[in-house]
Amino acid sequence: MATINKNLSDFQHLPKVNEKWKIAIVKAEWNEEITDGLLDGAMDLLINADVPAHHMKTFEVPGSFELPLGAQWAIERFKADAVICLGSVIRGETAHFDYVCQAVSQGIKDVSIKHNVPVIFGVLTDDTIEQSRARSGGIHGNKGTEAAVTALRMLHLRDSMPSSR
Ligand code: DLZ
């Protein structure tokens, strides 16, 4: 999340991209105005970082609740090295907010650990749509851009970490 202390959207020094890395984006259709903004931010970053077009693929799921399974399929079938999950959950008047947020955050973490693949949490969890607009290309930056930076940084870390004891 973009904050006054840390705004990854301003990240200037991207790790060098290995042209073999395959990156999947899984985007929720729910609150599409917001998730389209997140997708634009993520795609712009990956293109500017020179990720080859044929190694990027976007998959759509109905809502944020479906992001973890979409990520799992992207790993198993597209053989993604990293998955960027993009969603927008807005509190509104319903207890759905808490159930969806809890399930998505746990589910994304579970898929990541199970498959040993970075699955990035690019899900906005806001009280109002105005807050979400501010974080999907508005005054507080773009969480989708930050999620893409995080994916590249994790792959760089994976490939640079010594594997010997
Ligand atoms: C049902 C629901 C509600 C109330 N709110 C949101 C939301 O703010 N953001 C979102 O991505 N999805 C929402 N959903 C849909 C659920 O994620 C899910 O798609 C359905 O419950 C079907 O499993």
# chains A, B, ... in the order shown; residues from 1 in each chain; ligands from 1

$ select_by_dssp --residues "region 38-148 of chain A" --states "strand (DSSP E)" --output "PyMOL selection string"
chain A and resi 56-61+82-90+119-126+136-138+141-142

$ residues_around --residues "region 131-133 of chain A" --least-positions-apart "6" --cutoff "10 Å" --atoms "only C-alpha atoms" --output "list in words"
Asn31, Glu33, Ile34, Thr35, Gly37, Leu38, Ser88, Val89, Ile90, Val123, Leu124, Thr125, Ile139, His140, Gly141, Asn142 and Lys143 of chain A

$ write_last_selection --atoms "C-alpha atoms" --output "PDB file, in the first residue's frame"
ATOM      1  CA  ASN A  31     -15.540  -3.393  -8.831  1.00  0.00           C
ATOM      2  CA  GLU A  33     -13.508   0.305 -12.561  1.00  0.00           C
ATOM      3  CA  ILE A  34     -10.970  -0.165  -9.770  1.00  0.00           C
ATOM      4  CA  THR A  35      -9.454  -3.465 -10.876  1.00  0.00           C
ATOM      5  CA  GLY A  37      -6.941   0.716 -12.936  1.00  0.00           C
ATOM      6  CA  LEU A  38      -4.862  -1.779 -10.977  1.00  0.00           C
ATOM      7  CA  SER A  88     -11.027  -4.526  -4.847  1.00  0.00           C
ATOM      8  CA  VAL A  89     -13.198  -5.213  -1.833  1.00  0.00           C
ATOM      9  CA  ILE A  90     -15.293  -2.302  -0.585  1.00  0.00           C
ATOM     10  CA  VAL A 123      -6.135  -6.385  -3.359  1.00  0.00           C
ATOM     11  CA  LEU A 124      -7.532  -3.076  -2.153  1.00  0.00           C
ATOM     12  CA  THR A 125      -9.650  -3.330   0.985  1.00  0.00           C
ATOM     13  CA  ILE A 139      -3.508  10.556  -5.599  1.00  0.00           C
ATOM     14  CA  HIS A 140      -2.143   7.657  -3.554  1.00  0.00           C
ATOM     15  CA  GLY A 141      -0.513   5.919  -6.506  1.00  0.00           C
ATOM     16  CA  ASN A 142      -1.351   2.540  -7.913  1.00  0.00           C
ATOM     17  CA  LYS A 143      -1.369  -0.639  -5.861  1.00  0.00           C
TER      18      LYS A 143
END

$ residues_near_ligand --ligand "ligand 1" --cutoff "7 Å" --atoms "only C-alpha atoms and all ligand atoms" --output "list in words"
Ala28, Glu29, Trp30, Asn31, Pro62, Gly63, Ser64, Phe65, Glu66, Gly87, Ser88, Val89, Ile90, Arg91, Thr94, His96, Phe97 and Val100 of chain A

$ residues_around --residues "Lys79 (chain A)" --least-positions-apart "6" --cutoff "10 Å" --atoms "only C-alpha atoms" --output "PDB file with all heavy atoms, in the first residue's frame"
ATOM      1  N   TRP A  21      11.217 -15.510 -17.191  1.00  0.00           N
ATOM      2  CA  TRP A  21      10.167 -15.422 -16.178  1.00  0.00           C
ATOM      3  C   TRP A  21       8.789 -15.307 -16.844  1.00  0.00           C
ATOM      4  O   TRP A  21       8.579 -14.481 -17.734  1.00  0.00           O
ATOM      5  CB  TRP A  21      10.367 -14.191 -15.300  1.00  0.00           C
ATOM      6  CG  TRP A  21      11.558 -14.240 -14.383  1.00  0.00           C
ATOM      7  CD1 TRP A  21      12.313 -15.322 -14.051  1.00  0.00           C
ATOM      8  CD2 TRP A  21      12.128 -13.116 -13.702  1.00  0.00           C
ATOM      9  NE1 TRP A  21      13.321 -14.944 -13.188  1.00  0.00           N
ATOM     10  CE2 TRP A  21      13.230 -13.596 -12.961  1.00  0.00           C
ATOM     11  CE3 TRP A  21      11.827 -11.747 -13.628  1.00  0.00           C
ATOM     12  CZ2 TRP A  21      14.021 -12.765 -12.165  1.00  0.00           C
ATOM     13  CZ3 TRP A  21      12.610 -10.923 -12.845  1.00  0.00           C
ATOM     14  CH2 TRP A  21      13.689 -11.433 -12.113  1.00  0.00           C
ATOM     15  N   LYS A  22       7.855 -16.117 -16.348  1.00  0.00           N
ATOM     16  CA  LYS A  22       6.466 -16.024 -16.809  1.00  0.00           C
ATOM     17  C   LYS A  22       5.625 -15.431 -15.681  1.00  0.00           C
ATOM     18  O   LYS A  22       5.644 -15.937 -14.557  1.00  0.00           O
ATOM     19  CB  LYS A  22       5.932 -17.415 -17.185  1.00  0.00           C
ATOM     20  CG  LYS A  22       6.568 -17.975 -18.442  1.00  0.00           C
ATOM     21  CD  LYS A  22       6.018 -19.348 -18.772  1.00  0.00           C
ATOM     22  CE  LYS A  22       4.683 -19.276 -19.473  1.00  0.00           C
ATOM     23  NZ  LYS A  22       4.225 -20.603 -19.946  1.00  0.00           N
ATOM     24  N   ILE A  23       4.915 -14.376 -16.010  1.00  0.00           N
ATOM     25  CA  ILE A  23       4.150 -13.643 -15.000  1.00  0.00           C
ATOM     26  C   ILE A  23       2.666 -13.706 -15.360  1.00  0.00           C
ATOM     27  O   ILE A  23       2.274 -13.313 -16.463  1.00  0.00           O
ATOM     28  CB  ILE A  23       4.571 -12.164 -14.949  1.00  0.00           C
ATOM     29  CG1 ILE A  23       6.096 -12.050 -14.979  1.00  0.00           C
ATOM     30  CG2 ILE A  23       3.910 -11.475 -13.748  1.00  0.00           C
ATOM     31  CD1 ILE A  23       6.800 -11.730 -13.753  1.00  0.00           C
ATOM     32  N   ALA A  24       1.859 -14.167 -14.435  1.00  0.00           N
ATOM     33  CA  ALA A  24       0.406 -14.165 -14.609  1.00  0.00           C
ATOM     34  C   ALA A  24      -0.207 -13.060 -13.756  1.00  0.00           C
ATOM     35  O   ALA A  24       0.251 -12.799 -12.641  1.00  0.00           O
ATOM     36  CB  ALA A  24      -0.175 -15.521 -14.213  1.00  0.00           C
ATOM     37  N   GLN A  72      -3.849 -20.414  -8.431  1.00  0.00           N
ATOM     38  CA  GLN A  72      -3.384 -21.810  -8.438  1.00  0.00           C
ATOM     39  C   GLN A  72      -3.412 -22.384  -9.856  1.00  0.00           C
ATOM     40  O   GLN A  72      -2.466 -23.049 -10.297  1.00  0.00           O
ATOM     41  CB  GLN A  72      -4.256 -22.649  -7.501  1.00  0.00           C
ATOM     42  CG  GLN A  72      -3.869 -24.106  -7.473  1.00  0.00           C
ATOM     43  CD  GLN A  72      -4.201 -24.738  -6.136  1.00  0.00           C
ATOM     44  OE1 GLN A  72      -3.685 -24.351  -5.105  1.00  0.00           O
ATOM     45  NE2 GLN A  72      -5.075 -25.705  -6.145  1.00  0.00           N
ATOM     46  N   TRP A  73      -4.470 -22.124 -10.584  1.00  0.00           N
ATOM     47  CA  TRP A  73      -4.560 -22.614 -11.963  1.00  0.00           C
ATOM     48  C   TRP A  73      -3.497 -21.949 -12.847  1.00  0.00           C
ATOM     49  O   TRP A  73      -2.945 -22.585 -13.754  1.00  0.00           O
ATOM     50  CB  TRP A  73      -5.960 -22.353 -12.523  1.00  0.00           C
ATOM     51  CG  TRP A  73      -7.016 -23.244 -11.923  1.00  0.00           C
ATOM     52  CD1 TRP A  73      -6.810 -24.428 -11.267  1.00  0.00           C
ATOM     53  CD2 TRP A  73      -8.428 -23.020 -11.921  1.00  0.00           C
ATOM     54  NE1 TRP A  73      -8.014 -24.947 -10.851  1.00  0.00           N
ATOM     55  CE2 TRP A  73      -9.025 -24.099 -11.251  1.00  0.00           C
ATOM     56  CE3 TRP A  73      -9.248 -22.007 -12.414  1.00  0.00           C
ATOM     57  CZ2 TRP A  73     -10.399 -24.209 -11.056  1.00  0.00           C
ATOM     58  CZ3 TRP A  73     -10.624 -22.113 -12.229  1.00  0.00           C
ATOM     59  CH2 TRP A  73     -11.185 -23.209 -11.563  1.00  0.00           C
TER      60      TRP A  73
END

$ residues_around --residues "Ser112 (chain A)" --least-positions-apart "4" --cutoff "10 Å" --atoms "only C-alpha atoms" --output "list in words"
Pro68, Ala71, Gln72, Ile75, Ala82, Val83, Gln106, Gly107, Ile108, Asn116, Val117, Pro118, Val119 and Ile120 of chain A

$ closest_residue --among "A:His156, A:Arg135, A:Lys16, A:His115" --to "Asp50 (chain A)" --atoms "only C-alpha atoms"
A:Lys16

$ atom_distance --atom1 "CA of Gly137 (chain A)" --atom2 "CA of Leu67 (chain A)"
21.1 Å

$ atom_distance --atom1 "CA of Asp36 (chain A)" --atom2 "CA of Glu60 (chain A)"
10.8 Å

$ closest_residue --among "A:Ile25, A:Met161, A:Leu46, A:Val51" --to "Val149 (chain A)" --atoms "only C-alpha atoms"
A:Leu46
